[in-house]
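For reference, my_file_12.tsv is printed below; it contains TSV, C-alpha atoms.
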chain	number	residue	atom	x	y	z
A	1	MET	CA	-6.32	-23.89	14.70
A	2	ILE	CA	-6.15	-20.58	16.56
A	3	ASN	CA	-2.99	-21.63	18.36
A	4	LYS	CA	-1.35	-22.55	15.05
A	5	LEU	CA	-2.38	-19.21	13.58
A	6	ILE	CA	-0.97	-17.29	16.55
A	7	SER	CA	2.22	-19.34	16.42
A	8	GLY	CA	2.55	-18.64	12.70
A	9	VAL	CA	2.12	-14.91	13.19
A	10	ILE	CA	4.63	-14.83	16.06
A	11	GLY	CA	7.03	-16.94	14.01
A	12	PHE	CA	6.80	-14.54	11.09
A	13	PHE	CA	7.50	-11.42	13.16
A	14	THR	CA	10.37	-13.04	15.02
A	15	GLY	CA	11.84	-15.06	12.17
A	16	LYS	CA	13.83	-14.51	9.02
A	17	GLY	CA	10.74	-13.77	6.94
A	18	PHE	CA	9.99	-10.53	8.79
A	19	LYS	CA	13.62	-9.41	8.52
A	20	ASN	CA	13.55	-10.01	4.77
A	21	TYR	CA	10.29	-8.07	4.56
A	22	LEU	CA	11.79	-5.08	6.39
A	23	LYS	CA	14.90	-5.27	4.23
A	24	SER	CA	12.86	-5.29	1.02
A	25	LEU	CA	10.70	-2.42	2.30
A	26	LYS	CA	13.80	-0.40	3.16
A	27	TYR	CA	15.11	-1.05	-0.34
A	28	SER	CA	12.49	1.37	-1.66
A	29	LEU	CA	14.59	4.18	-0.17
A	30	TYR	CA	17.54	3.07	-2.28
A	31	LEU	CA	15.45	2.75	-5.43
A	32	ILE	CA	14.08	6.29	-5.33
A	33	PHE	CA	17.60	7.75	-5.32
A	34	HIS	CA	19.11	5.18	-7.71
A	35	PRO	CA	16.24	4.58	-10.14
A	36	PHE	CA	18.11	2.64	-12.82
A	37	ASP	CA	20.27	0.35	-10.69
A	38	GLY	CA	17.52	0.10	-8.09
A	39	SER	CA	14.87	-0.94	-10.62
A	40	TRP	CA	17.16	-3.51	-12.22
A	41	ASP	CA	18.14	-5.11	-8.92
A	42	LEU	CA	14.55	-4.95	-7.68
A	43	ILE	CA	13.51	-7.56	-10.24
A	44	HIS	CA	16.62	-9.31	-11.52
A	45	GLU	CA	18.42	-9.56	-8.18
A	46	LYS	CA	15.19	-10.27	-6.28
A	47	ARG	CA	15.63	-7.29	-3.96
A	48	GLY	CA	11.91	-6.59	-3.82
A	49	THR	CA	9.03	-8.56	-2.34
A	50	TYR	CA	5.32	-8.48	-3.03
A	51	ALA	CA	4.64	-7.99	0.69
A	52	ALA	CA	6.63	-4.75	0.62
A	53	ALA	CA	4.95	-3.72	-2.64
A	54	HIS	CA	1.50	-4.28	-1.10
A	55	THR	CA	2.57	-2.24	1.93
A	56	ILE	CA	3.64	0.72	-0.21
A	57	VAL	CA	0.36	0.57	-2.16
A	58	ILE	CA	-1.62	0.57	1.10
A	59	LEU	CA	0.45	3.46	2.47
A	60	THR	CA	-0.11	5.40	-0.76
A	61	LEU	CA	-3.84	4.83	-0.49
A	62	LEU	CA	-3.84	5.86	3.19
A	63	THR	CA	-1.80	8.97	2.37
A	64	THR	CA	-4.42	9.99	-0.19
A	65	ILE	CA	-7.25	9.48	2.29
A	66	TRP	CA	-5.38	11.20	5.15
A	67	ASP	CA	-4.65	14.12	2.84
A	68	MET	CA	-8.37	14.61	2.24
A	69	ARG	CA	-9.19	14.16	5.93
A	70	PHE	CA	-6.47	16.10	7.75
A	71	THR	CA	-5.04	18.63	5.29
A	72	ASN	CA	-6.02	22.23	5.94
A	73	PHE	CA	-9.35	22.81	4.21
A	74	MET	CA	-8.10	26.10	2.76
A	75	LEU	CA	-5.40	24.24	0.82
A	76	ASN	CA	-7.25	21.26	-0.66
A	77	GLY	CA	-10.92	22.26	-0.38
A	78	THR	CA	-12.12	18.71	0.38
A	79	ARG	CA	-15.30	18.35	2.43
A	80	TRP	CA	-14.74	15.17	4.40
A	81	SER	CA	-18.45	14.71	5.05
A	82	LYS	CA	-19.00	14.26	1.31
A	83	VAL	CA	-16.10	11.85	0.74
A	84	ASN	CA	-17.04	8.29	-0.24
A	85	ILE	CA	-14.24	6.08	1.08
A	86	ILE	CA	-15.17	3.13	-1.12
A	87	MET	CA	-15.08	5.30	-4.22
A	88	GLN	CA	-11.75	6.80	-3.18
A	89	ILE	CA	-10.25	3.35	-2.73
A	90	ALA	CA	-11.61	2.23	-6.09
A	91	SER	CA	-10.42	5.42	-7.81
A	92	PHE	CA	-6.87	4.52	-6.79
A	93	LEU	CA	-6.77	0.73	-7.07
A	94	VAL	CA	-8.68	0.46	-10.36
A	95	PRO	CA	-6.39	2.84	-12.33
A	96	LEU	CA	-3.36	1.10	-10.78
A	97	GLY	CA	-4.61	-2.29	-11.94
A	98	ILE	CA	-5.50	-0.93	-15.39
A	99	TRP	CA	-2.03	0.66	-15.71
A	100	VAL	CA	-0.34	-2.66	-14.94
A	101	LEU	CA	-2.63	-4.51	-17.35
A	102	ALA	CA	-2.22	-1.96	-20.16
A	103	ASN	CA	1.56	-1.84	-19.80
A	104	TRP	CA	1.85	-5.62	-19.72
A	105	CYS	CA	-0.40	-6.09	-22.78
A	106	LEU	CA	1.42	-3.42	-24.78
A	107	THR	CA	4.98	-4.36	-23.88
A	108	THR	CA	4.24	-8.01	-24.66
A	109	LEU	CA	3.67	-6.89	-28.25
A	110	MET	CA	6.82	-4.73	-28.13
A	111	ASP	CA	9.19	-7.49	-26.97
A	112	GLY	CA	9.14	-6.30	-23.38
A	113	LYS	CA	10.68	-8.68	-20.86
A	114	GLY	CA	8.67	-7.66	-17.82
A	115	ARG	CA	5.97	-9.89	-16.41
A	116	PHE	CA	2.65	-8.74	-14.99
A	117	LYS	CA	3.72	-9.19	-11.35
A	118	GLU	CA	7.04	-7.45	-11.96
A	119	ILE	CA	5.33	-4.41	-13.46
A	120	TYR	CA	3.07	-4.21	-10.42
A	121	MET	CA	5.95	-4.55	-7.97
A	122	ALA	CA	8.08	-1.91	-9.68
A	123	THR	CA	5.16	0.51	-9.95
A	124	ALA	CA	4.38	0.05	-6.26
A	125	TYR	CA	7.97	0.75	-5.22
A	126	CYS	CA	8.02	3.87	-7.40
A	127	LEU	CA	5.12	5.35	-5.39
A	128	THR	CA	7.40	5.74	-2.37
A	129	PRO	CA	8.11	9.49	-2.90
A	130	TYR	CA	4.39	10.23	-2.73
A	131	VAL	CA	4.23	8.66	0.73
A	132	LEU	CA	7.48	10.18	2.02
A	133	ILE	CA	6.51	13.69	0.93
A	134	GLY	CA	2.74	13.48	1.22
A	135	ILE	CA	2.51	12.54	4.91
A	136	PRO	CA	4.77	15.38	6.20
A	137	MET	CA	2.93	17.84	3.96
A	138	ILE	CA	-0.34	16.97	5.70
A	139	PHE	CA	1.12	18.19	8.99
A	140	VAL	CA	2.80	21.19	7.34
A	141	SER	CA	-0.49	22.29	5.79
A	142	ASN	CA	-1.91	22.89	9.26
A	143	VAL	CA	0.88	25.17	10.48
A	144	VAL	CA	1.57	27.38	7.43
A	145	THR	CA	-0.22	30.52	6.32
A	146	MET	CA	-2.11	30.81	3.05
A	147	GLU	CA	0.84	32.59	1.45
A	148	GLU	CA	3.18	29.79	2.51
A	149	GLY	CA	0.67	27.16	1.40
A	150	VAL	CA	2.04	27.37	-2.13
A	151	PHE	CA	4.98	25.25	-0.96
A	152	TYR	CA	2.49	22.53	-0.01
A	153	THR	CA	1.30	22.46	-3.62
A	154	TYR	CA	4.83	22.55	-5.03
A	155	PHE	CA	6.02	19.66	-2.88
A	156	ASN	CA	3.02	17.52	-3.77
A	157	ILE	CA	3.54	18.19	-7.48
A	158	PHE	CA	7.22	17.37	-7.06
A	159	ALA	CA	6.31	14.06	-5.41
A	160	LEU	CA	4.08	13.12	-8.35
A	161	ILE	CA	6.74	14.10	-10.91
A	162	TRP	CA	9.36	12.13	-8.97
A	163	ALA	CA	7.12	9.05	-8.85
A	164	GLY	CA	6.37	9.39	-12.57
A	165	PHE	CA	10.07	9.60	-13.40
A	166	LEU	CA	10.78	6.52	-11.29
A	167	ILE	CA	8.05	4.58	-13.08
A	168	LEU	CA	9.56	5.51	-16.45
A	169	CYS	CA	13.01	4.36	-15.31
A	170	ALA	CA	11.57	1.16	-13.87
A	171	MET	CA	9.75	0.29	-17.10
A	172	MET	CA	12.97	0.83	-19.04
A	173	MET	CA	14.90	-1.52	-16.78
A	174	ILE	CA	12.21	-4.18	-16.50
A	175	HIS	CA	11.52	-4.39	-20.22
A	176	ASP	CA	15.13	-3.69	-21.27
A	177	TYR	CA	14.10	-0.63	-23.31
A	178	SER	CA	16.00	2.42	-24.44
A	179	LEU	CA	14.90	5.86	-23.26
A	180	MET	CA	12.81	6.61	-26.34
A	181	LYS	CA	11.23	3.16	-26.43
A	182	GLY	CA	10.54	3.30	-22.71
A	183	LEU	CA	8.95	6.74	-23.02
A	184	GLY	CA	6.93	5.66	-26.03
A	185	SER	CA	5.65	2.49	-24.34
A	186	THR	CA	4.70	4.48	-21.25
A	187	LEU	CA	2.70	7.01	-23.27
A	188	LEU	CA	1.04	4.22	-25.24
A	189	SER	CA	0.22	2.45	-21.97
A	190	ILE	CA	-1.54	5.59	-20.76
A	191	ALA	CA	-3.51	5.66	-24.00
A	192	GLY	CA	-4.26	1.98	-23.48
A	193	MET	CA	-5.59	2.78	-20.02
A	194	ALA	CA	-8.06	5.21	-21.55
A	195	ILE	CA	-9.21	2.56	-24.04
A	196	ILE	CA	-9.63	-0.11	-21.36
A	197	MET	CA	-11.56	2.28	-19.11
A	198	PHE	CA	-13.82	3.21	-22.04
A	199	ILE	CA	-14.51	-0.46	-22.75
A	200	ILE	CA	-15.27	-1.12	-19.07
A	201	LEU	CA	-17.65	1.84	-18.88
A	202	LEU	CA	-19.30	0.79	-22.14
A	203	PHE	CA	-19.71	-2.76	-20.83
A	204	PHE	CA	-21.34	-1.65	-17.59
A	205	SER	CA	-23.53	0.79	-19.49
A	206	LEU	CA	-24.79	-2.02	-21.73
A	207	ILE	CA	-25.36	-4.28	-18.72
A	208	SER	CA	-27.28	-1.50	-16.96
A	209	ASP	CA	-29.46	-0.89	-20.03
A	210	ALA	CA	-30.11	-4.63	-20.40
A	211	VAL	CA	-31.10	-5.00	-16.75
A	212	GLY	CA	-33.35	-1.95	-17.00
A	213	TYR	CA	-35.00	-3.37	-20.13
A	214	PHE	CA	-35.76	-6.75	-18.53
A	215	LEU	CA	-37.00	-5.08	-15.34
A	216	SER	CA	-39.43	-2.95	-17.37
A	217	ILE	CA	-40.72	-6.07	-19.12
A	218	TYR	CA	-41.11	-7.86	-15.78
A	219	LYS	CA	-43.03	-4.93	-14.30
A	220	GLU	CA	-45.32	-4.72	-17.33
A	221	ILE	CA	-46.06	-8.44	-17.22
A	222	SER	CA	-46.68	-8.26	-13.45
A	223	LEU	CA	-49.16	-5.40	-13.92
A	224	ARG	CA	-51.08	-7.21	-16.64
A	225	ILE	CA	-51.23	-10.47	-14.70
A	226	GLY	CA	-52.23	-8.61	-11.54

Kindly transcribe the structure held in the file into structure tokens.
Amino acid sequence: MINKLISGVIGFFTGKGFKNYLKSLKYSLYLIFHPFDGSWDLIHEKRGTYAAAHTIVILTLLTTIWDMRFTNFMLNGTRWSKVNIIMQIASFLVPLGIWVLANWCLTTLMDGKGRFKEIYMATAYCLTPYVLIGIPMIFVSNVVTMEEGVFYTYFNIFALIWAGFLILCAMMMIHDYSLMKGLGSTLLSIAGMAIIMFIILLFFSLISDAVGYFLSIYKEISLRIG
């Protein structure tokens, strides 16, 4: 079993599969500079892969964590000793999943052509600017003065705006929407995210109250029997 696993791993890294993976990962660099053609070909011409999409999501998550850990404290004010890694991971992956779900549910009602997996893949590829700009800015933050630190903020904001613009373009191409319909569906998807998050929080709140109620009854019964 172990030998087969090792052989499979070696075969992947030395075979055609790994080359296709690298090619699809490199395609993200084309997409960020050609958002419309890149987004169309990503899905319809099968230029993207889920392995590359997962890689970009992981790199985005790592960039966020590295930013909190290694960025100059004077520029981001994060106390690493108080950072909960699990919560940071959840605070990124949960909104990402809710965005994909909300967009898919909404665009299904608006004659959108994109599937759930395609929305995820396109969104992941569109996060590339955050990684490409965010990682160098971590190093830059440790060699600039406070006065020059404003450029760190500007570049990070630019990365987020760039990624947001790419996501808008990608949703237009995936769902075959016009600019106004694409913008409208994106804004409605954000509103849908808020609704879904509210429902999730309400659900867990009700579960917590129910568990607390039954625990109080159990404790009272235990005391009376004891």

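Closest approach to Ile32 in chain A among A:Thr123, A:Gln88, A:Thr55, A:Ser178: A:Thr123, based on all atoms listed in the file.
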
query = Of the candidates A:Ala122, A:Met193, A:Lys16, A:Ser216, which one gets nearest to Cys105 in chain A if we count all atoms listed in the file?
reply =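 So, comparing all the options, the nearest one is A:Met193.
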
inquiry  = Using only C-alpha atoms, can you tell me which of A:Leu166, A:Val100, A:Leu202, A:Ala124 comes closest to Leu31 in chain A?
reply    =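 Of A:Leu166, A:Val100, A:Leu202, A:Ala124, the one nearest Leu31 in chain A, counting only C-alpha atoms, is A:Leu166.
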
note = Here CA of His44 in chain A and CA of Pro95 in chain A stand apart by 26.0 Å

key: Option closest in space to Lys113 in chain A, from A:Asp176, A:Glu220, A:Asp209, A:Glu45 [counting all atoms listed in the file]   =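 Residue with the minimum atom-to-atom distance to Lys113 in chain A: A:Asp176.
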
inquiry  = Report, in Å to a single decimal, how far apart CA of Pro35 in chain A and CA of Ala51 in chain A are.
reply    =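 Taking CA of Ala51 in chain A as the start and CA of Pro35 in chain A as the end point, the length is 20.2 Å.
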
task = Just give me the gap between CA of Ile119 in chain A and CA of Leu106 in chain A in Å, one decimal is fine.
result =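 Between CA of Ile119 in chain A and CA of Leu106 in chain A the gap works out to 12.0 Å.
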
Residue nearest Glu147 in chain A among A:Thr186, A:Trp66, A:Met74, A:Ile196 (counting only C-alpha atoms) = A:Met74

note = Between A:Ser81, A:Leu168, A:Leu215, A:Ser222, smallest distance to Met180 in chain A by all atoms listed in the file belongs to A:Leu168

inquiry  = What's around Arg115 in chain A at 9 Å? Count all atoms listed in the file, leave out sequence neighbours fewer than 6 positions away in its own chain, and write the answer as number ranges by chain.
reply    = A: 104, 108, 174-175

task = Might you pull out every residue within 12 Å of Met87 in chain A, with only C-alpha atoms counted and same-chain residues fewer than 5 positions away left off, and present them as number ranges by chain?
result = A: 61, 65, 82, 92-94

Using C-alpha atoms, can you export the residues from the last selection as a PDB file, keeping the file's coordinate frame?
ATOM      1  CA  LEU A  61      -3.840   4.830  -0.490  1.00  0.00           C
ATOM      2  CA  ILE A  65      -7.250   9.480   2.290  1.00  0.00           C
ATOM      3  CA  LYS A  82     -19.000  14.260   1.310  1.00  0.00           C
ATOM      4  CA  PHE A  92      -6.870   4.520  -6.790  1.00  0.00           C
ATOM      5  CA  LEU A  93      -6.770   0.730  -7.070  1.00  0.00           C
ATOM      6  CA  VAL A  94      -8.680   0.460 -10.360  1.00  0.00           C
TER       7      VAL A  94
END

inquiry  = Neighbouring residues of Cys169 in chain A were defined as those with any atom within 9 Å, considering only C-alpha atoms; residues of the same chain fewer than 2 positions away were excluded. Please report them as a count of residues only.
reply    = 13

message = At a cut-off of 8 Å, using all atoms listed in the file, what residues contact Asn156 in chain A? Leave out same-chain residues fewer than 3 positions from it and give the result as a list in words.
response = Tyr130, Ile133, Gly134, Met137, Tyr152, Thr153, Ala159 and Leu160 of chain A
